[in-house]
>>> print(open('start25.cif').read())   # mmCIF, C-alpha atoms and all ligand atoms
data_upload
loop_
_atom_site.group_PDB
_atom_site.id
_atom_site.type_symbol
_atom_site.label_atom_id
_atom_site.label_comp_id
_atom_site.auth_asym_id
_atom_site.auth_seq_id
_atom_site.Cartn_x
_atom_site.Cartn_y
_atom_site.Cartn_z
ATOM 1 C CA MET Y 1 122.893 100.573 118.363
ATOM 2 C CA SER Y 2 123.209 103.832 120.253
ATOM 3 C CA GLU Y 3 121.143 105.503 117.500
ATOM 4 C CA VAL Y 4 118.016 103.842 118.902
ATOM 5 C CA LEU Y 5 118.587 105.824 122.098
ATOM 6 C CA ALA Y 6 119.027 109.150 120.293
ATOM 7 C CA PRO Y 7 115.554 109.687 118.824
ATOM 8 C CA GLY Y 8 115.256 112.297 116.087
ATOM 9 C CA GLY Y 9 111.462 112.161 115.913
ATOM 10 C CA PRO Y 10 108.303 111.181 117.839
ATOM 11 C CA GLN Y 11 108.117 107.550 116.626
ATOM 12 C CA ALA Y 12 111.659 106.757 117.695
ATOM 13 C CA ALA Y 13 111.011 108.568 120.995
ATOM 14 C CA HIS Y 14 108.050 106.259 121.787
ATOM 15 C CA ILE Y 15 110.172 103.217 120.970
ATOM 16 C CA ALA Y 16 113.080 104.522 123.058
ATOM 17 C CA GLN Y 17 110.744 105.028 126.074
ATOM 18 C CA LEU Y 18 109.557 101.426 125.778
ATOM 19 C CA TRP Y 19 113.186 100.310 125.473
ATOM 20 C CA TRP Y 20 114.167 102.099 128.710
ATOM 21 C CA LEU Y 21 111.192 100.623 130.567
ATOM 22 C CA MET Y 22 112.075 97.114 129.346
ATOM 23 C CA LEU Y 23 115.712 97.656 130.327
ATOM 24 C CA ALA Y 24 114.719 98.816 133.829
ATOM 25 C CA ILE Y 25 112.322 95.898 134.443
ATOM 26 C CA CYS Y 26 114.658 93.280 132.975
ATOM 27 C CA ALA Y 27 117.627 94.674 134.936
ATOM 28 C CA PHE Y 28 115.568 94.550 138.156
ATOM 29 C CA VAL Y 29 114.518 90.925 137.432
ATOM 30 C CA PHE Y 30 118.084 89.949 136.568
ATOM 31 C CA ILE Y 31 119.479 91.444 139.790
ATOM 32 C CA ALA Y 32 116.689 89.905 141.905
ATOM 33 C CA VAL Y 33 117.190 86.431 140.385
ATOM 34 C CA THR Y 34 120.978 86.676 140.796
ATOM 35 C CA LEU Y 35 120.595 87.674 144.459
ATOM 36 C CA ALA Y 36 118.099 84.859 145.123
ATOM 37 C CA LEU Y 37 120.401 82.361 143.442
ATOM 38 C CA GLY Y 38 123.362 83.631 145.503
ATOM 39 C CA CYS Y 39 121.358 83.242 148.750
ATOM 40 C CA ALA Y 40 120.252 79.731 147.776
ATOM 41 C CA VAL Y 41 123.842 78.670 147.028
ATOM 42 C CA LEU Y 42 125.078 80.101 150.355
ATOM 43 C CA ARG Y 43 122.292 78.348 152.329
ATOM 44 C CA ALA Y 44 122.967 75.043 150.558
ATOM 45 C CA ARG Y 45 126.707 75.333 151.386
ATOM 46 C CA ARG Y 46 125.949 76.055 155.022
ATOM 47 C CA ALA Y 47 123.553 73.094 155.155
ATOM 48 C CA THR Y 48 126.083 70.624 153.683
ATOM 49 C CA SER Y 49 128.855 71.824 156.062
ATOM 50 C CA GLU Y 50 126.659 71.080 159.090
ATOM 51 C CA THR Y 51 127.213 67.487 160.287
ATOM 52 C CA ALA Y 52 123.642 66.564 161.134
ATOM 53 C CA PRO Y 53 121.211 68.287 158.790
ATOM 54 C CA GLU Y 54 117.925 68.753 160.539
ATOM 55 C CA SER Y 55 114.747 68.224 158.555
ATOM 56 C CA PRO Y 56 113.170 71.477 157.352
ATOM 57 C CA SER Y 57 110.611 72.828 159.774
ATOM 58 C CA THR Y 58 107.018 73.416 158.708
ATOM 59 C CA SER Y 59 107.337 77.149 159.385
ATOM 60 C CA GLY Y 60 110.422 77.272 157.124
ATOM 61 C CA GLU Y 61 108.532 75.498 154.350
ATOM 62 C CA LYS Y 62 105.633 77.921 154.738
ATOM 63 C CA ARG Y 63 108.023 80.855 154.440
ATOM 64 C CA VAL Y 64 109.547 79.457 151.243
ATOM 65 C CA GLY Y 65 106.060 78.858 149.833
ATOM 66 C CA LEU Y 66 105.152 82.487 150.521
ATOM 67 C CA TRP Y 67 108.297 83.719 148.777
ATOM 68 C CA VAL Y 68 107.547 81.594 145.695
ATOM 69 C CA LYS Y 69 103.960 82.923 145.550
ATOM 70 C CA ALA Y 70 105.144 86.510 145.930
ATOM 71 C CA ALA Y 71 107.783 86.046 143.210
ATOM 72 C CA ALA Y 72 105.205 84.493 140.834
ATOM 73 C CA ALA Y 73 102.751 87.351 141.479
ATOM 74 C CA LEU Y 74 105.467 89.960 140.923
ATOM 75 C CA SER Y 75 106.531 88.246 137.659
ATOM 76 C CA MET Y 76 102.941 88.305 136.441
ATOM 77 C CA LEU Y 77 102.604 91.966 137.355
ATOM 78 C CA LEU Y 78 105.825 92.913 135.546
ATOM 79 C CA LEU Y 79 104.756 90.941 132.445
ATOM 80 C CA VAL Y 80 101.385 92.720 132.445
ATOM 81 C CA ILE Y 81 103.169 96.093 132.747
ATOM 82 C CA LEU Y 82 105.418 95.184 129.786
ATOM 83 C CA LEU Y 83 102.430 94.021 127.743
ATOM 84 C CA GLY Y 84 100.491 97.215 128.544
ATOM 85 C CA ALA Y 85 103.464 99.447 127.716
ATOM 86 C CA SER Y 86 103.996 97.588 124.452
ATOM 87 C CA VAL Y 87 100.332 97.994 123.421
ATOM 88 C CA MET Y 88 100.382 101.670 124.394
ATOM 89 C CA THR Y 89 103.550 102.242 122.356
ATOM 90 C CA ASP Y 90 101.946 100.554 119.364
ATOM 91 C CA ARG Y 91 98.905 102.805 119.666
ATOM 92 C CA ALA Y 92 101.075 105.896 120.072
ATOM 93 C CA LEU Y 93 102.971 104.937 116.904
ATOM 94 C CA ALA Y 94 99.685 104.663 114.997
ATOM 95 C CA ARG Y 95 98.521 108.098 116.165
ATOM 96 C CA LEU Y 96 101.081 110.152 114.226
ATOM 97 C CA PRO Y 97 99.152 112.931 112.394
ATOM 98 C CA LEU Y 98 99.609 112.459 108.662
ATOM 99 C CA ASP Y 99 98.279 115.767 107.263
ATOM 100 C CA ASP Y 100 100.336 116.996 104.340
ATOM 101 C CA ALA Y 101 102.495 113.849 104.462
ATOM 102 C CA LEU Y 102 105.317 113.359 102.002
ATOM 103 C CA VAL Y 103 104.913 110.028 100.199
ATOM 104 C CA VAL Y 104 108.045 108.146 99.204
ATOM 105 C CA HIS Y 105 108.105 104.738 97.544
ATOM 106 C CA VAL Y 106 111.172 102.721 98.513
ATOM 107 C CA THR Y 107 111.957 99.472 96.686
ATOM 108 C CA ALA Y 108 114.694 97.219 98.018
ATOM 109 C CA ASN Y 109 116.917 95.311 95.619
ATOM 110 C CA GLN Y 110 119.928 93.087 96.176
ATOM 111 C CA TRP Y 111 121.697 95.297 97.324
ATOM 112 C CA TRP Y 112 120.527 98.836 96.766
ATOM 113 C CA TRP Y 113 117.530 101.071 97.407
ATOM 114 C CA ASP Y 114 115.341 102.591 94.713
ATOM 115 C CA VAL Y 115 113.636 105.727 96.030
ATOM 116 C CA VAL Y 116 110.729 107.478 94.267
ATOM 117 C CA TYR Y 117 109.192 110.709 95.567
ATOM 118 C CA GLU Y 118 105.532 110.498 94.651
ATOM 119 C CA ASP Y 119 103.445 113.562 93.865
ATOM 120 C CA ALA Y 120 99.821 114.232 92.988
ATOM 121 C CA GLN Y 121 101.207 115.874 89.865
ATOM 122 C CA PRO Y 122 102.966 113.046 87.985
ATOM 123 C CA ASP Y 123 105.487 115.414 86.372
ATOM 124 C CA ARG Y 124 106.731 116.379 89.814
ATOM 125 C CA GLU Y 125 107.682 112.812 90.720
ATOM 126 C CA PHE Y 126 111.364 112.034 90.782
ATOM 127 C CA ARG Y 127 113.699 109.198 91.612
ATOM 128 C CA THR Y 128 116.976 108.677 93.396
ATOM 129 C CA ALA Y 129 118.867 105.720 94.867
ATOM 130 C CA ASN Y 130 120.498 104.729 98.151
ATOM 131 C CA GLU Y 131 119.540 108.025 99.792
ATOM 132 C CA LEU Y 132 116.400 109.292 101.450
ATOM 133 C CA TYR Y 133 116.123 113.048 101.957
ATOM 134 C CA LEU Y 134 113.342 114.234 104.242
ATOM 135 C CA PRO Y 135 111.977 117.578 105.400
ATOM 136 C CA THR Y 136 111.976 118.113 109.170
ATOM 137 C CA GLY Y 137 108.669 118.549 110.964
ATOM 138 C CA ARG Y 138 106.628 116.955 108.174
ATOM 139 C CA PRO Y 139 105.244 113.410 108.375
ATOM 140 C CA VAL Y 140 106.503 110.906 105.829
ATOM 141 C CA ILE Y 141 104.671 107.852 104.558
ATOM 142 C CA VAL Y 142 107.144 105.381 103.108
ATOM 143 C CA LYS Y 143 105.667 102.694 100.867
ATOM 144 C CA LEU Y 144 107.860 99.623 100.955
ATOM 145 C CA ASP Y 145 108.409 97.013 98.265
ATOM 146 C CA ALA Y 146 111.071 94.476 97.410
ATOM 147 C CA ARG Y 147 112.056 93.272 93.977
ATOM 148 C CA ASP Y 148 113.821 90.013 94.872
ATOM 149 C CA VAL Y 149 113.979 88.791 98.483
ATOM 150 C CA ILE Y 150 112.780 90.096 101.854
ATOM 151 C CA HIS Y 151 114.672 93.131 103.163
ATOM 152 C CA SER Y 152 113.912 95.298 106.185
ATOM 153 C CA PHE Y 153 113.651 99.078 106.436
ATOM 154 C CA TRP Y 154 115.000 100.547 109.658
ATOM 155 C CA ILE Y 155 116.105 104.061 110.586
ATOM 156 C CA PRO Y 156 117.016 103.489 114.260
ATOM 157 C CA SER Y 157 116.926 107.198 115.157
ATOM 158 C CA LEU Y 158 113.591 107.836 113.432
ATOM 159 C CA THR Y 159 111.419 104.740 113.341
ATOM 160 C CA GLY Y 160 111.141 101.011 114.022
ATOM 161 C CA LYS Y 161 111.594 98.221 111.498
ATOM 162 C CA LYS Y 162 109.290 97.183 108.699
ATOM 163 C CA ASP Y 163 109.926 94.392 106.235
ATOM 164 C CA LEU Y 164 109.975 94.947 102.478
ATOM 165 C CA LEU Y 165 108.240 91.972 100.875
ATOM 166 C CA PRO Y 166 108.308 90.951 97.223
ATOM 167 C CA GLY Y 167 104.804 91.254 95.765
ATOM 168 C CA ARG Y 168 103.263 93.095 98.700
ATOM 169 C CA THR Y 169 103.413 96.800 99.468
ATOM 170 C CA THR Y 170 103.630 97.762 103.137
ATOM 171 C CA THR Y 171 103.859 101.247 104.632
ATOM 172 C CA ILE Y 172 105.567 102.885 107.569
ATOM 173 C CA GLN Y 173 105.082 106.440 108.781
ATOM 174 C CA PHE Y 174 107.274 108.665 110.866
ATOM 175 C CA ARG Y 175 108.530 112.219 111.226
ATOM 176 C CA ALA Y 176 112.030 113.605 111.542
ATOM 177 C CA ASP Y 177 112.104 116.565 113.916
ATOM 178 C CA LYS Y 178 115.877 116.962 114.164
ATOM 179 C CA ALA Y 179 117.811 117.871 111.050
ATOM 180 C CA GLY Y 180 120.834 115.692 110.461
ATOM 181 C CA GLU Y 181 122.199 112.572 108.833
ATOM 182 C CA TYR Y 182 120.903 109.188 109.893
ATOM 183 C CA ARG Y 183 121.891 105.662 109.018
ATOM 184 C CA ALA Y 184 119.433 103.071 107.782
ATOM 185 C CA PRO Y 185 120.999 99.624 107.570
ATOM 186 C CA CYS Y 186 118.989 96.840 105.914
ATOM 187 C CA ALA Y 187 117.752 94.878 108.915
ATOM 188 C CA GLU Y 188 116.913 91.503 107.386
ATOM 189 C CA PHE Y 189 119.532 89.112 106.038
ATOM 190 C CA CYS Y 190 119.118 89.343 102.271
ATOM 191 C CA GLY Y 191 122.202 87.666 100.856
ATOM 192 C CA LEU Y 192 125.920 88.146 100.473
ATOM 193 C CA GLN Y 193 125.999 91.953 100.690
ATOM 194 C CA HIS Y 194 123.284 92.420 103.322
ATOM 195 C CA ALA Y 195 125.771 94.162 105.639
ATOM 196 C CA PHE Y 196 126.602 96.626 102.838
ATOM 197 C CA MET Y 197 123.044 97.649 102.027
ATOM 198 C CA THR Y 198 122.758 101.014 103.692
ATOM 199 C CA LEU Y 199 120.419 103.880 102.986
ATOM 200 C CA ASP Y 200 121.754 107.392 103.671
ATOM 201 C CA VAL Y 201 118.974 109.339 105.385
ATOM 202 C CA VAL Y 202 119.281 113.114 105.516
ATOM 203 C CA ALA Y 203 116.712 115.324 107.244
ATOM 204 C CA LEU Y 204 116.774 118.943 106.091
ATOM 205 C CA ALA Y 205 114.883 122.081 107.086
ATOM 206 C CA PRO Y 206 111.796 122.348 104.796
ATOM 207 C CA ALA Y 207 113.251 125.130 102.602
ATOM 208 C CA SER Y 208 116.497 123.195 102.049
ATOM 209 C CA PHE Y 209 114.518 120.038 101.324
ATOM 210 C CA ASP Y 210 112.407 121.860 98.717
ATOM 211 C CA ALA Y 211 115.564 123.158 97.058
ATOM 212 C CA TRP Y 212 117.037 119.634 97.053
ATOM 213 C CA ALA Y 213 113.831 118.162 95.598
ATOM 214 C CA ASP Y 214 113.633 120.836 92.870
ATOM 215 C CA ALA Y 215 117.238 120.139 91.884
ATOM 216 C CA HIS Y 216 116.468 116.400 91.741
ATOM 217 C CA ARG Y 217 113.346 116.892 89.613
ATOM 218 C CA ALA Y 218 115.447 118.518 86.901
ATOM 219 C CA PRO Y 219 116.802 116.275 84.149
ATOM 220 C CA ALA Y 220 120.546 116.023 83.628
ATOM 221 C CA ALA Y 221 121.925 118.933 81.621
ATOM 222 C CA THR Y 222 123.654 118.192 78.310
ATOM 223 C CA PRO Y 223 127.330 119.008 78.788
ATOM 224 C CA SER Y 224 129.165 121.334 76.424
ATOM 225 C CA ASP Y 225 132.700 120.078 77.090
ATOM 226 C CA PRO Y 226 133.788 117.632 74.317
ATOM 227 C CA MET Y 227 135.183 115.075 76.774
ATOM 228 C CA GLU Y 228 131.989 115.092 78.855
ATOM 229 C CA LEU Y 229 129.944 114.805 75.662
ATOM 230 C CA ARG Y 230 132.047 111.801 74.675
ATOM 231 C CA GLY Y 231 131.343 110.263 78.088
ATOM 232 C CA ARG Y 232 127.610 110.839 77.617
ATOM 233 C CA GLU Y 233 127.782 109.198 74.206
ATOM 234 C CA LEU Y 234 129.602 106.189 75.714
ATOM 235 C CA PHE Y 235 126.934 105.918 78.405
ATOM 236 C CA VAL Y 236 123.921 105.943 76.092
ATOM 237 C CA SER Y 237 125.488 103.810 73.350
ATOM 238 C CA GLY Y 238 127.204 101.251 75.602
ATOM 239 C CA SER Y 239 125.951 98.736 78.113
ATOM 240 C CA CYS Y 240 125.380 101.289 80.950
ATOM 241 C CA MET Y 241 121.987 102.233 79.542
ATOM 242 C CA LEU Y 242 120.826 98.614 79.627
ATOM 243 C CA CYS Y 243 120.405 98.875 83.418
ATOM 244 C CA HIS Y 244 120.561 102.559 84.381
ATOM 245 C CA ALA Y 245 118.539 105.671 83.672
ATOM 246 C CA ILE Y 246 119.657 109.279 83.308
ATOM 247 C CA LEU Y 247 116.749 111.663 82.941
ATOM 248 C CA GLY Y 248 117.287 113.892 79.901
ATOM 249 C CA THR Y 249 119.044 111.139 77.895
ATOM 250 C CA SER Y 250 117.760 108.048 76.106
ATOM 251 C CA ALA Y 251 118.972 105.872 79.029
ATOM 252 C CA ASN Y 252 115.784 104.811 80.784
ATOM 253 C CA ALA Y 253 116.345 101.341 82.271
ATOM 254 C CA ARG Y 254 115.259 100.516 85.812
ATOM 255 C CA SER Y 255 117.170 97.398 86.847
ATOM 256 C CA GLY Y 256 120.012 99.460 88.332
ATOM 257 C CA PRO Y 257 120.061 102.710 90.340
ATOM 258 C CA ASP Y 258 118.925 105.911 88.635
ATOM 259 C CA LEU Y 259 122.025 108.011 87.917
ATOM 260 C CA THR Y 260 120.458 111.379 86.982
ATOM 261 C CA HIS Y 261 122.101 113.065 89.986
ATOM 262 C CA VAL Y 262 124.642 110.427 90.981
ATOM 263 C CA ALA Y 263 127.456 112.947 91.507
ATOM 264 C CA SER Y 264 125.525 114.605 94.340
ATOM 265 C CA ARG Y 265 125.322 111.426 96.418
ATOM 266 C CA ALA Y 266 127.484 110.764 99.445
ATOM 267 C CA HIS Y 267 128.099 107.142 98.515
ATOM 268 C CA LEU Y 268 128.335 104.873 95.490
ATOM 269 C CA ALA Y 269 126.763 101.427 95.576
ATOM 270 C CA SER Y 270 125.519 102.494 99.046
ATOM 271 C CA VAL Y 271 128.898 101.977 100.765
ATOM 272 C CA LEU Y 272 131.772 103.312 98.640
ATOM 273 C CA PRO Y 273 132.920 106.934 98.887
ATOM 274 C CA ASN Y 274 131.683 108.883 95.882
ATOM 275 C CA THR Y 275 135.074 109.718 94.329
ATOM 276 C CA PRO Y 276 136.306 109.329 90.724
ATOM 277 C CA VAL Y 277 138.842 106.696 91.848
ATOM 278 C CA ALA Y 278 136.198 104.599 93.624
ATOM 279 C CA LEU Y 279 133.802 105.029 90.695
ATOM 280 C CA ALA Y 280 136.443 103.889 88.183
ATOM 281 C CA ALA Y 281 137.237 100.837 90.321
ATOM 282 C CA TRP Y 282 133.526 100.090 90.720
ATOM 283 C CA ILE Y 283 132.852 100.299 86.964
ATOM 284 C CA THR Y 284 135.927 98.177 86.163
ATOM 285 C CA ASP Y 285 135.176 95.390 88.626
ATOM 286 C CA PRO Y 286 132.204 95.721 91.002
ATOM 287 C CA GLN Y 287 132.911 92.271 92.424
ATOM 288 C CA VAL Y 288 135.959 93.602 94.285
ATOM 289 C CA ALA Y 289 133.874 95.967 96.424
ATOM 290 C CA LYS Y 290 130.596 94.024 96.464
ATOM 291 C CA PRO Y 291 130.961 90.340 95.593
ATOM 292 C CA GLY Y 292 127.673 89.039 94.212
ATOM 293 C CA ALA Y 293 126.474 92.427 92.916
ATOM 294 C CA ASN Y 294 124.513 92.247 89.647
ATOM 295 C CA MET Y 295 126.553 94.945 87.944
ATOM 296 C CA PRO Y 296 128.908 93.364 85.378
ATOM 297 C CA ALA Y 297 132.571 94.310 84.971
ATOM 298 C CA HIS Y 298 133.466 96.825 82.235
ATOM 299 C CA PHE Y 299 136.965 97.072 80.846
ATOM 300 C CA LEU Y 300 137.227 100.499 79.227
ATOM 301 C CA ALA Y 301 140.198 102.086 77.486
ATOM 302 C CA ASP Y 302 141.795 104.789 79.664
ATOM 303 C CA ALA Y 303 140.531 107.642 77.488
ATOM 304 C CA ASP Y 304 136.987 106.223 77.503
ATOM 305 C CA MET Y 305 137.028 105.779 81.268
ATOM 306 C CA ARG Y 306 138.225 109.376 81.736
ATOM 307 C CA ALA Y 307 135.438 110.631 79.466
ATOM 308 C CA LEU Y 308 132.800 108.541 81.250
ATOM 309 C CA LEU Y 309 133.988 109.723 84.687
ATOM 310 C CA ALA Y 310 134.020 113.322 83.477
ATOM 311 C CA TYR Y 311 130.419 112.985 82.299
ATOM 312 C CA LEU Y 312 129.185 111.193 85.422
ATOM 313 C CA GLY Y 313 130.912 113.910 87.468
ATOM 314 C CA THR Y 314 128.604 116.509 85.871
ATOM 315 C CA LEU Y 315 125.482 114.727 87.135
ATOM 316 C CA ARG Y 316 125.009 116.809 90.232
HETATM 317 CU CU1 LIG Q 1 118.670 93.986 102.132
HETATM 318 CU CU2 LIG Q 1 119.537 92.887 104.067
#
>>> encode(input="start25.cif", output="structure tokens")
Amino acid sequence: MSEVLAPGGPQAAHIAQLWWLMLAICAFVFIAVTLALGCAVLRARRATSETAPESPSTSGEKRVGLWVKAAAALSMLLLVILLGASVMTDRALARLPLDDALVVHVTANQWWWDVVYEDAQPDREFRTANELYLPTGRPVIVKLDARDVIHSFWIPSLTGKKDLLPGRTTTIQFRADKAGEYRAPCAEFCGLQHAFMTLDVVALAPASFDAWADAHRAPAATPSDPMELRGRELFVSGSCMLCHAILGTSANARSGPDLTHVASRAHLASVLPNTPVALAAWITDPQVAKPGANMPAHFLADADMRALLAYLGTLR
């Protein structure tokens, strides 16, 4: 996980410092133990090759005793240093200033992420899925929940791990200082598609983030093209609306990802490329790409599928 060693914010930097210290101490201990073991093996060989082994002298025994005491004391010291560094890192992580923090509520599901941007003004709240956009330089408080089993939230370049537990809300706070795209793999085995439960994290300069958020607050526009209108009609009259929501239509279900701006996302179902071909294959048989996924298969006539894809393609 090279991302852990490329911190994009203060929290990850604290964790990376601790990681380097642990690596240095553990490498030193490993080399010292290997050398001591090598010496012991060589001495034992020499002793067995000598015909008449003499009994160990008292001064030799004393020397060995001193070495053992010194090694034990050094081990204790190194463990205390590690403990101290770990406590200090923990305290540093808790000291992140949280003025003007952005609050995002992330709920993990098998196997996708529901993401709600909270706001003091309820009409400014909005929702997306499988992506977490953040402004740089501003602290973020992420509230974490799970709907089914335990998952784990982890953006290696930005922050450490925190579990998402069904029935209990936890929080994690961090700040992204470097703009860029980060990967957040689910870090707790949560079933068949655990390895394909990834959150796309994108840190943008504050102005770009505000523009992104404003675009995502807006409901989906009603298309004027007849084919796109037909697709919209299929969506809200068929089984799609039983699980999904599109703001600005009558589809308002929450058991699947919100699709109001699905066309703007980098990925579908958190791992597939967001292309019409992949979307058609996903709608037709989700089990091919993600065995075990809750989304059922839909066999649509060609013309219906084209209309549905055309409509979903407008949801930018
Ligand atoms: Cu969700 Cu592993």
>>> closest_residue(input="start25.cif", among="Y:Leu77, Y:Pro296, Y:Pro273, Y:Asp123", to="Val29 of chain Y", atoms="all atoms listed in the file")
Y:Leu77
>>> closest_residue(input="start25.cif", among="Y:Leu315, Y:Ala85, Y:Ala108, Y:Ala269", to="ligand LIG 1 (chain Q)", atoms="all atoms listed in the file")
Y:Ala108
>>> resolve_selection(input="start25.cif", expression="the PyMOL selection byres (((chain Y and resi 227) around 8) and not hetatm)", output="PyMOL selection string")
chain Y and resi 225-226+228-231+307+310-311
>>> residues_around(input="start25.cif", residues="segment 253-266 of chain Y", least_positions_apart="4", cutoff="6 Å", atoms="only C-alpha atoms", output="list in words")
Thr128, Ala129, Ala220, Leu242, Cys243, His244, Ala245, Ile246, Leu247, Asn274, Gly313, Leu315 and Arg316 of chain Y
>>> residues_near_ligand(input="start25.cif", ligand="ligand LIG 1 (chain Q)", cutoff="8 Å", atoms="all atoms listed in the file", output="list in words")
Ala108, Asn109, Gln110, Trp111, Trp112, Val149, Ile150, His151, Ser152, Pro185, Cys186, Ala187, Glu188, Phe189, Cys190, Gly191, Gln193, His194, Ala195 and Met197 of chain Y
>>> resolve_selection(input="start25.cif", expression="the PyMOL selection byres (((chain Y and resi 14-20) around 7) and not hetatm)", output="PyMOL selection string")
chain Y and resi 4-5+10-13+21-24+85-86+89
>>> axis_aligned_box(input="start25.cif", around="segment 191-196 of chain Y", padding_each_side="5 Å", output="lines of an AutoDock Vina configuration file")
center_x = 124.4
center_y = 92.1
center_z = 103.1
size_x = 14.4
size_y = 19.0
size_z = 15.2
>>> residues_near_point(input="start25.cif", point="(120.2, 115.4, 106.7)", cutoff="12 Å", atoms="all atoms listed in the file", output="list in words")
Gly8, Glu131, Leu132, Tyr133, Leu134, Pro135, Thr136, Ala176, Asp177, Lys178, Ala179, Gly180, Glu181, Tyr182, Arg183, Asp200, Val201, Val202, Ala203, Leu204, Ala205, Pro206, Ser208, Phe209, Trp212 and Ala266 of chain Y
>>> residues_around(input="start25.cif", residues="Asn130 of chain Y", least_positions_apart="4", cutoff="6 Å", atoms="all atoms listed in the file", output="list in words")
Trp113, Leu199 and Ser270 of chain Y
>>> closest_residue(input="start25.cif", among="Y:Glu61, Y:Asp100, Y:Glu118, Y:Glu125", to="Asp214 of chain Y", atoms="all atoms listed in the file")
Y:Glu125
>>> closest_residue(input="start25.cif", among="Y:Val236, Y:Leu268, Y:Ala27, Y:Ala303", to="Ser250 of chain Y", atoms="only C-alpha atoms")
Y:Val236
>>> atom_distance(input="start25.cif", atom1="atom CA of Leu164 of chain Y", atom2="atom CA of His105 of chain Y")
11.1 Å
>>> closest_residue(input="start25.cif", among="Y:Ala73, Y:Val140, Y:Leu158, Y:Cys26", to="Pro7 of chain Y", atoms="all atoms listed in the file")
Y:Leu158
>>> residues_near_point(input="start25.cif", point="(132.1, 98.7, 87.2)", cutoff="9 Å", atoms="all atoms listed in the file", output="list of chain:residue names")
Y:Leu279, Y:Ala280, Y:Ala281, Y:Trp282, Y:Ile283, Y:Thr284, Y:Asp285, Y:Pro286, Y:Gln287, Y:Met295, Y:Pro296, Y:Ala297, Y:His298, Y:Phe299
>>> closest_residue(input="start25.cif", among="Y:Lys162, Y:Tyr117, Y:Gln173, Y:Lys62", to="Asp99 of chain Y", atoms="all atoms listed in the file")
Y:Gln173
>>> build_atoms(input="start25.cif", residues="segment 161-165 of chain Y", atoms="all heavy atoms", output="compact mmCIF listing (two decimals), in the coordinates of the input")
# COMPACT_ATOMS: atom_id res chain seq x y z
N LYS Y 161 111.34 98.99 112.73
CA LYS Y 161 111.59 98.22 111.50
C LYS Y 161 110.31 97.86 110.78
O LYS Y 161 109.27 97.68 111.42
CB LYS Y 161 112.28 96.90 111.85
CG LYS Y 161 113.67 97.06 112.33
CD LYS Y 161 114.23 95.70 112.72
CE LYS Y 161 115.52 95.89 113.50
NZ LYS Y 161 116.00 94.67 114.11
N LYS Y 162 110.41 97.73 109.47
CA LYS Y 162 109.29 97.18 108.70
C LYS Y 162 109.88 96.41 107.53
O LYS Y 162 110.76 96.92 106.82
CB LYS Y 162 108.40 98.33 108.18
CG LYS Y 162 107.12 97.86 107.58
CD LYS Y 162 106.02 97.95 108.61
CE LYS Y 162 104.67 97.58 108.02
NZ LYS Y 162 103.59 97.98 108.92
N ASP Y 163 109.38 95.20 107.32
CA ASP Y 163 109.93 94.39 106.24
C ASP Y 163 109.47 94.88 104.87
O ASP Y 163 108.36 95.41 104.72
CB ASP Y 163 109.50 92.93 106.41
CG ASP Y 163 110.38 92.23 107.44
OD1 ASP Y 163 111.30 92.88 107.97
OD2 ASP Y 163 110.14 91.04 107.70
N LEU Y 164 110.33 94.69 103.87
CA LEU Y 164 109.98 94.95 102.48
C LEU Y 164 109.79 93.58 101.84
O LEU Y 164 110.73 92.77 101.83
CB LEU Y 164 111.08 95.72 101.76
CG LEU Y 164 111.44 97.08 102.39
CD1 LEU Y 164 112.73 96.96 103.17
CD2 LEU Y 164 111.59 98.14 101.32
N LEU Y 165 108.57 93.31 101.35
CA LEU Y 165 108.24 91.97 100.88
C LEU Y 165 108.00 91.98 99.38
O LEU Y 165 107.29 92.84 98.87
CB LEU Y 165 106.97 91.49 101.58
CG LEU Y 165 106.97 91.61 103.10
CD1 LEU Y 165 105.57 91.44 103.65
CD2 LEU Y 165 107.91 90.60 103.71
